[in-house]
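Data from model-v9.pdb: PDB, C-alpha atoms, pLDDT in the B column
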```pdb
MODEL        1
ATOM      1  CA  MET W   1       6.112  11.916   2.941  1.00 92.00           C
ATOM      2  CA  GLN W   2       8.856   9.346   2.471  1.00 96.00           C
ATOM      3  CA  LEU W   3       7.808   5.713   2.834  1.00 97.00           C
ATOM      4  CA  THR W   4       9.180   2.294   1.989  1.00 98.00           C
ATOM      5  CA  LEU W   5       6.715   0.026   0.221  1.00 97.00           C
ATOM      6  CA  GLU W   6       7.427  -3.680  -0.196  1.00 97.00           C
ATOM      7  CA  PHE W   7       5.505  -6.089  -2.417  1.00 96.00           C
ATOM      8  CA  GLY W   8       5.734  -9.883  -2.131  1.00 94.00           C
ATOM      9  CA  GLY W   9       4.015 -13.165  -2.862  1.00 93.00           C
ATOM     10  CA  GLY W  10       3.727 -12.267  -6.543  1.00 92.00           C
ATOM     11  CA  LEU W  11       2.433  -8.698  -6.129  1.00 93.00           C
ATOM     12  CA  GLU W  12       5.820  -7.373  -7.198  1.00 94.00           C
ATOM     13  CA  LEU W  13       4.967  -8.543 -10.730  1.00 92.00           C
ATOM     14  CA  LEU W  14       2.357  -5.769 -10.867  1.00 93.00           C
ATOM     15  CA  CYS W  15       5.065  -3.164 -10.134  1.00 92.00           C
ATOM     16  CA  ASP W  16       7.662  -3.893 -12.834  1.00 90.00           C
ATOM     17  CA  SER W  17       8.939  -6.891 -10.799  1.00 93.00           C
ATOM     18  CA  LYS W  18      10.487  -4.568  -8.208  1.00 94.00           C
ATOM     19  CA  LYS W  19       9.918  -5.693  -4.608  1.00 96.00           C
ATOM     20  CA  ILE W  20      11.057  -2.618  -2.663  1.00 97.00           C
ATOM     21  CA  HIS W  21      10.071   0.951  -3.505  1.00 97.00           C
ATOM     22  CA  HIS W  22      11.371   4.013  -1.655  1.00 97.00           C
ATOM     23  CA  VAL W  23       8.726   6.610  -2.458  1.00 96.00           C
ATOM     24  CA  ASN W  24       7.850  10.200  -1.704  1.00 96.00           C
ATOM     25  CA  VAL W  25       4.055  10.405  -1.488  1.00 94.00           C
ATOM     26  CA  GLU W  26       2.532  13.778  -2.258  1.00 86.00           C
ATOM     27  CA  PHE W  27      -1.069  13.926  -1.060  1.00 74.00           C
ATOM     28  CA  GLU W  28      -3.933  16.281  -0.391  1.00 70.00           C
ATOM     29  CA  PRO W  29      -5.142  15.641   3.169  1.00 63.00           C
ATOM     30  CA  LYS W  30      -8.812  14.675   3.167  1.00 64.00           C
ATOM     31  CA  ASN W  31      -9.231  13.579   6.756  1.00 55.00           C
ATOM     32  CA  GLY W  32      -8.958  17.071   8.204  1.00 61.00           C
ATOM     33  CA  GLU W  33      -5.848  16.184  10.218  1.00 67.00           C
ATOM     34  CA  GLY W  34      -3.273  16.524   7.475  1.00 77.00           C
ATOM     35  CA  LYS W  35      -2.109  12.938   7.965  1.00 87.00           C
ATOM     36  CA  LEU W  36      -1.700  10.344   5.243  1.00 92.00           C
ATOM     37  CA  THR W  37      -3.950   7.325   5.732  1.00 94.00           C
ATOM     38  CA  MET W  38      -3.770   3.877   4.206  1.00 96.00           C
ATOM     39  CA  ARG W  39      -6.862   4.732   2.139  1.00 94.00           C
ATOM     40  CA  GLU W  40      -4.972   7.595   0.484  1.00 93.00           C
ATOM     41  CA  LEU W  41      -1.807   5.518   0.127  1.00 95.00           C
ATOM     42  CA  LEU W  42      -3.667   2.727  -1.683  1.00 95.00           C
ATOM     43  CA  SER W  43      -5.073   5.247  -4.142  1.00 93.00           C
ATOM     44  CA  TRP W  44      -1.570   6.655  -4.671  1.00 94.00           C
ATOM     45  CA  VAL W  45      -0.098   3.153  -5.183  1.00 95.00           C
ATOM     46  CA  GLN W  46      -2.769   2.288  -7.742  1.00 93.00           C
ATOM     47  CA  THR W  47      -2.079   5.492  -9.683  1.00 93.00           C
ATOM     48  CA  ASN W  48       1.723   5.597  -9.407  1.00 94.00           C
ATOM     49  CA  LEU W  49       3.142   2.088  -8.901  1.00 94.00           C
ATOM     50  CA  ILE W  50       0.788  -0.558 -10.269  1.00 93.00           C
ATOM     51  CA  LYS W  51       1.712  -0.983 -13.926  1.00 89.00           C
ATOM     52  CA  GLU W  52      -0.647  -3.794 -14.898  1.00 88.00           C
ATOM     53  CA  ARG W  53      -3.691  -5.727 -13.673  1.00 90.00           C
ATOM     54  CA  PRO W  54      -4.672  -3.437 -10.771  1.00 89.00           C
ATOM     55  CA  GLU W  55      -7.645  -5.753 -10.094  1.00 89.00           C
ATOM     56  CA  MET W  56      -5.132  -8.258  -8.684  1.00 88.00           C
ATOM     57  CA  PHE W  57      -4.240  -5.751  -5.950  1.00 92.00           C
ATOM     58  CA  ILE W  58      -7.230  -3.428  -5.392  1.00 93.00           C
ATOM     59  CA  LYS W  59     -10.912  -4.229  -4.996  1.00 93.00           C
ATOM     60  CA  GLY W  60     -13.039  -1.119  -4.516  1.00 91.00           C
ATOM     61  CA  ASP W  61     -11.064   1.213  -2.248  1.00 90.00           C
ATOM     62  CA  THR W  62      -9.137  -1.495  -0.359  1.00 95.00           C
ATOM     63  CA  VAL W  63      -6.819  -4.415  -1.092  1.00 95.00           C
ATOM     64  CA  ARG W  64      -8.243  -7.641  -2.454  1.00 94.00           C
ATOM     65  CA  PRO W  65      -9.020 -10.442  -0.014  1.00 93.00           C
ATOM     66  CA  GLY W  66      -5.881 -12.532   0.413  1.00 92.00           C
ATOM     67  CA  VAL W  67      -3.470  -9.573   0.526  1.00 95.00           C
ATOM     68  CA  LEU W  68      -1.749  -9.270   3.901  1.00 96.00           C
ATOM     69  CA  VAL W  69      -0.865  -5.680   4.798  1.00 97.00           C
ATOM     70  CA  LEU W  70       1.750  -4.863   7.433  1.00 97.00           C
ATOM     71  CA  VAL W  71       2.557  -1.367   8.649  1.00 97.00           C
ATOM     72  CA  ASN W  72       5.902  -1.379  10.479  1.00 97.00           C
ATOM     73  CA  ASP W  73       5.569  -5.173  10.894  1.00 96.00           C
ATOM     74  CA  CYS W  74       2.081  -4.879  12.455  1.00 96.00           C
ATOM     75  CA  ASP W  75      -1.023  -6.297  10.750  1.00 96.00           C
ATOM     76  CA  TRP W  76      -3.083  -3.325   9.594  1.00 96.00           C
ATOM     77  CA  GLU W  77      -6.236  -5.013  10.914  1.00 94.00           C
ATOM     78  CA  LEU W  78      -4.940  -4.185  14.401  1.00 95.00           C
ATOM     79  CA  SER W  79      -4.300  -0.526  13.606  1.00 93.00           C
ATOM     80  CA  GLY W  80      -7.445   0.559  11.785  1.00 93.00           C
ATOM     81  CA  GLN W  81      -7.055  -0.800   8.232  1.00 96.00           C
ATOM     82  CA  LEU W  82      -7.928   2.004   5.774  1.00 95.00           C
ATOM     83  CA  ASN W  83      -7.934   4.573   8.589  1.00 94.00           C
ATOM     84  CA  THR W  84      -4.402   3.683   9.727  1.00 95.00           C
ATOM     85  CA  THR W  85      -2.359   6.903   9.750  1.00 94.00           C
ATOM     86  CA  LEU W  86       1.148   6.823   8.372  1.00 96.00           C
ATOM     87  CA  GLU W  87       4.216   8.721   9.470  1.00 95.00           C
ATOM     88  CA  GLU W  88       7.470   9.683   7.813  1.00 95.00           C
ATOM     89  CA  LYS W  89       9.717   6.670   7.026  1.00 97.00           C
ATOM     90  CA  ASP W  90       7.047   4.048   7.787  1.00 97.00           C
ATOM     91  CA  VAL W  91       7.418   0.688   6.066  1.00 98.00           C
ATOM     92  CA  VAL W  92       4.307  -0.784   4.458  1.00 98.00           C
ATOM     93  CA  VAL W  93       4.400  -4.377   3.200  1.00 98.00           C
ATOM     94  CA  PHE W  94       1.858  -6.002   0.888  1.00 97.00           C
ATOM     95  CA  ILE W  95       1.998  -9.810   0.583  1.00 95.00           C
ATOM     96  CA  SER W  96      -0.305 -11.950  -1.509  1.00 93.00           C
ATOM     97  CA  THR W  97      -1.300 -15.102   0.353  1.00 91.00           C
ATOM     98  CA  LEU W  98      -3.108 -16.537  -2.696  1.00 80.00           C
ATOM     99  CA  HIS W  99      -1.209 -18.799  -5.036  1.00 67.00           C
ATOM    100  CA  GLY W 100      -2.285 -20.782  -8.050  1.00 58.00           C
ATOM    101  CA  GLY W 101      -1.939 -24.509  -8.133  1.00 49.00           C
TER     102      GLY W 101
ENDMDL
END
```

Spit out the file's structure as structure tokens when you get a sec.
Amino acid sequence: MQLTLEFGGGLELLCDSKKIHHVNVEFEPKNGEGKLTMRELLSWVQTNLIKERPEMFIKGDTVRPGVLVLVNDCDWELSGQLNTTLEEKDVVVFISTLHGG
């Protein structure tokens, strides 16, 4: 499945300082419907894109508190969070809202 993943607010530093990634996600459907969910995408991102300090992005099986997630410009909290299903050519944005000072 082809997706566009964008990282901002400092999260791009965990992915070789690249903000936009056009990816082809290969996955084994676990939800019985054959659809990719955000839960599976986060696991894929952790394995394939995060190059350093994954604890700054993932906590358990979800994103850390303070990471805003948008799926096609819609807050994932409105679409089911980890259970949000993704479709071909969706755009998923991860933005850190936490900054040092």

Please identify all polymer residues within 10 Å of Met56 (chain W), counting only C-alpha atoms, omitting same-chain residues fewer than 3 positions from it, and present them as a ChimeraX atom specification. /W:10-11,14,50,52-53,59,63-65,67,96

The PyMOL selection byres ((chain W and resi 82) around 8) applied to the shown file, residues as a PyMOL selection string: chain W and resi 37-39+62+80-81+83-84

I need the residue set behind the PyMOL selection byres ((chain W and resi 70) around 9) for this file; please write it as a ChimeraX atom specification. /W:68-69,71-77,91-95

Around (13.9, -4.6, -5.8) in the file's frame, which residues reach within 12 Å when counting all atoms listed in the file? Return as a ChimeraX atom specification? /W:4-8,12-13,15-22

Write out as an MDAnalysis selection string each polymer residue whose atoms come within 10 Å of Val25 (chain W), counting all atoms listed in the file; drop sequence neighbours fewer than 6 positions from it. chainID W and resid 1:3 36 40:41 44:45 48 88

Can you work out the spacing between CA of Leu42 (chain W) and CA of Leu86 (chain W) in Å, to one decimal? 11.9 Å

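For the pair CA of Gly9 (chain W) and CA of Glu26 (chain W), the separation is 27.0 Å.
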
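Coordinates place CA of Phe57 (chain W) at a distance of 11.7 Å from CA of Thr97 (chain W).
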
Please rebuild region 86-99 of chain W with N, CA, C and O atoms and return the result as an mmCIF file, in the coordinates of the input.
```cif
data_model
loop_
_atom_site.group_PDB
_atom_site.id
_atom_site.type_symbol
_atom_site.label_atom_id
_atom_site.label_comp_id
_atom_site.auth_asym_id
_atom_site.auth_seq_id
_atom_site.Cartn_x
_atom_site.Cartn_y
_atom_site.Cartn_z
ATOM 1 N N LEU W 86 -0.254 7.115 8.656
ATOM 2 C CA LEU W 86 1.148 6.823 8.372
ATOM 3 C C LEU W 86 2.014 8.011 8.762
ATOM 4 O O LEU W 86 1.565 9.148 8.747
ATOM 5 N N GLU W 87 3.251 7.695 9.103
ATOM 6 C CA GLU W 87 4.216 8.721 9.470
ATOM 7 C C GLU W 87 5.451 8.597 8.600
ATOM 8 O O GLU W 87 5.679 7.572 7.964
ATOM 9 N N GLU W 88 6.233 9.653 8.581
ATOM 10 C CA GLU W 88 7.470 9.683 7.813
ATOM 11 C C GLU W 88 8.310 8.434 8.082
ATOM 12 O O GLU W 88 8.474 8.016 9.228
ATOM 13 N N LYS W 89 8.807 7.827 7.002
ATOM 14 C CA LYS W 89 9.717 6.670 7.026
ATOM 15 C C LYS W 89 9.051 5.365 7.475
ATOM 16 O O LYS W 89 9.747 4.411 7.812
ATOM 17 N N ASP W 90 7.727 5.314 7.505
ATOM 18 C CA ASP W 90 7.047 4.048 7.787
ATOM 19 C C ASP W 90 7.348 3.046 6.677
ATOM 20 O O ASP W 90 7.658 3.421 5.536
ATOM 21 N N VAL W 91 7.240 1.776 7.024
ATOM 22 C CA VAL W 91 7.418 0.688 6.066
ATOM 23 C C VAL W 91 6.091 -0.045 5.946
ATOM 24 O O VAL W 91 5.534 -0.515 6.941
ATOM 25 N N VAL W 92 5.572 -0.107 4.719
ATOM 26 C CA VAL W 92 4.307 -0.784 4.458
ATOM 27 C C VAL W 92 4.588 -1.960 3.530
ATOM 28 O O VAL W 92 5.216 -1.796 2.479
ATOM 29 N N VAL W 93 4.143 -3.145 3.949
ATOM 30 C CA VAL W 93 4.400 -4.377 3.200
ATOM 31 C C VAL W 93 3.068 -4.954 2.738
ATOM 32 O O VAL W 93 2.124 -5.053 3.526
ATOM 33 N N PHE W 94 3.028 -5.344 1.473
ATOM 34 C CA PHE W 94 1.858 -6.002 0.888
ATOM 35 C C PHE W 94 2.305 -7.390 0.428
ATOM 36 O O PHE W 94 3.227 -7.511 -0.382
ATOM 37 N N ILE W 95 1.645 -8.437 0.947
ATOM 38 C CA ILE W 95 1.998 -9.810 0.583
ATOM 39 C C ILE W 95 0.755 -10.550 0.148
ATOM 40 O O ILE W 95 -0.231 -10.612 0.892
ATOM 41 N N SER W 96 0.803 -11.133 -1.053
ATOM 42 C CA SER W 96 -0.305 -11.950 -1.509
ATOM 43 C C SER W 96 -0.200 -13.322 -0.859
ATOM 44 O O SER W 96 0.865 -13.950 -0.890
ATOM 45 N N THR W 97 -1.287 -13.779 -0.263
ATOM 46 C CA THR W 97 -1.300 -15.102 0.353
ATOM 47 C C THR W 97 -1.997 -16.118 -0.551
ATOM 48 O O THR W 97 -2.163 -17.267 -0.179
ATOM 49 N N LEU W 98 -2.426 -15.665 -1.742
ATOM 50 C CA LEU W 98 -3.108 -16.537 -2.696
ATOM 51 C C LEU W 98 -2.144 -16.978 -3.780
ATOM 52 O O LEU W 98 -1.445 -16.154 -4.372
ATOM 53 N N HIS W 99 -2.110 -18.263 -4.016
ATOM 54 C CA HIS W 99 -1.209 -18.799 -5.036
ATOM 55 C C HIS W 99 -1.963 -19.805 -5.876
ATOM 56 O O HIS W 99 -2.797 -20.551 -5.374
#
```
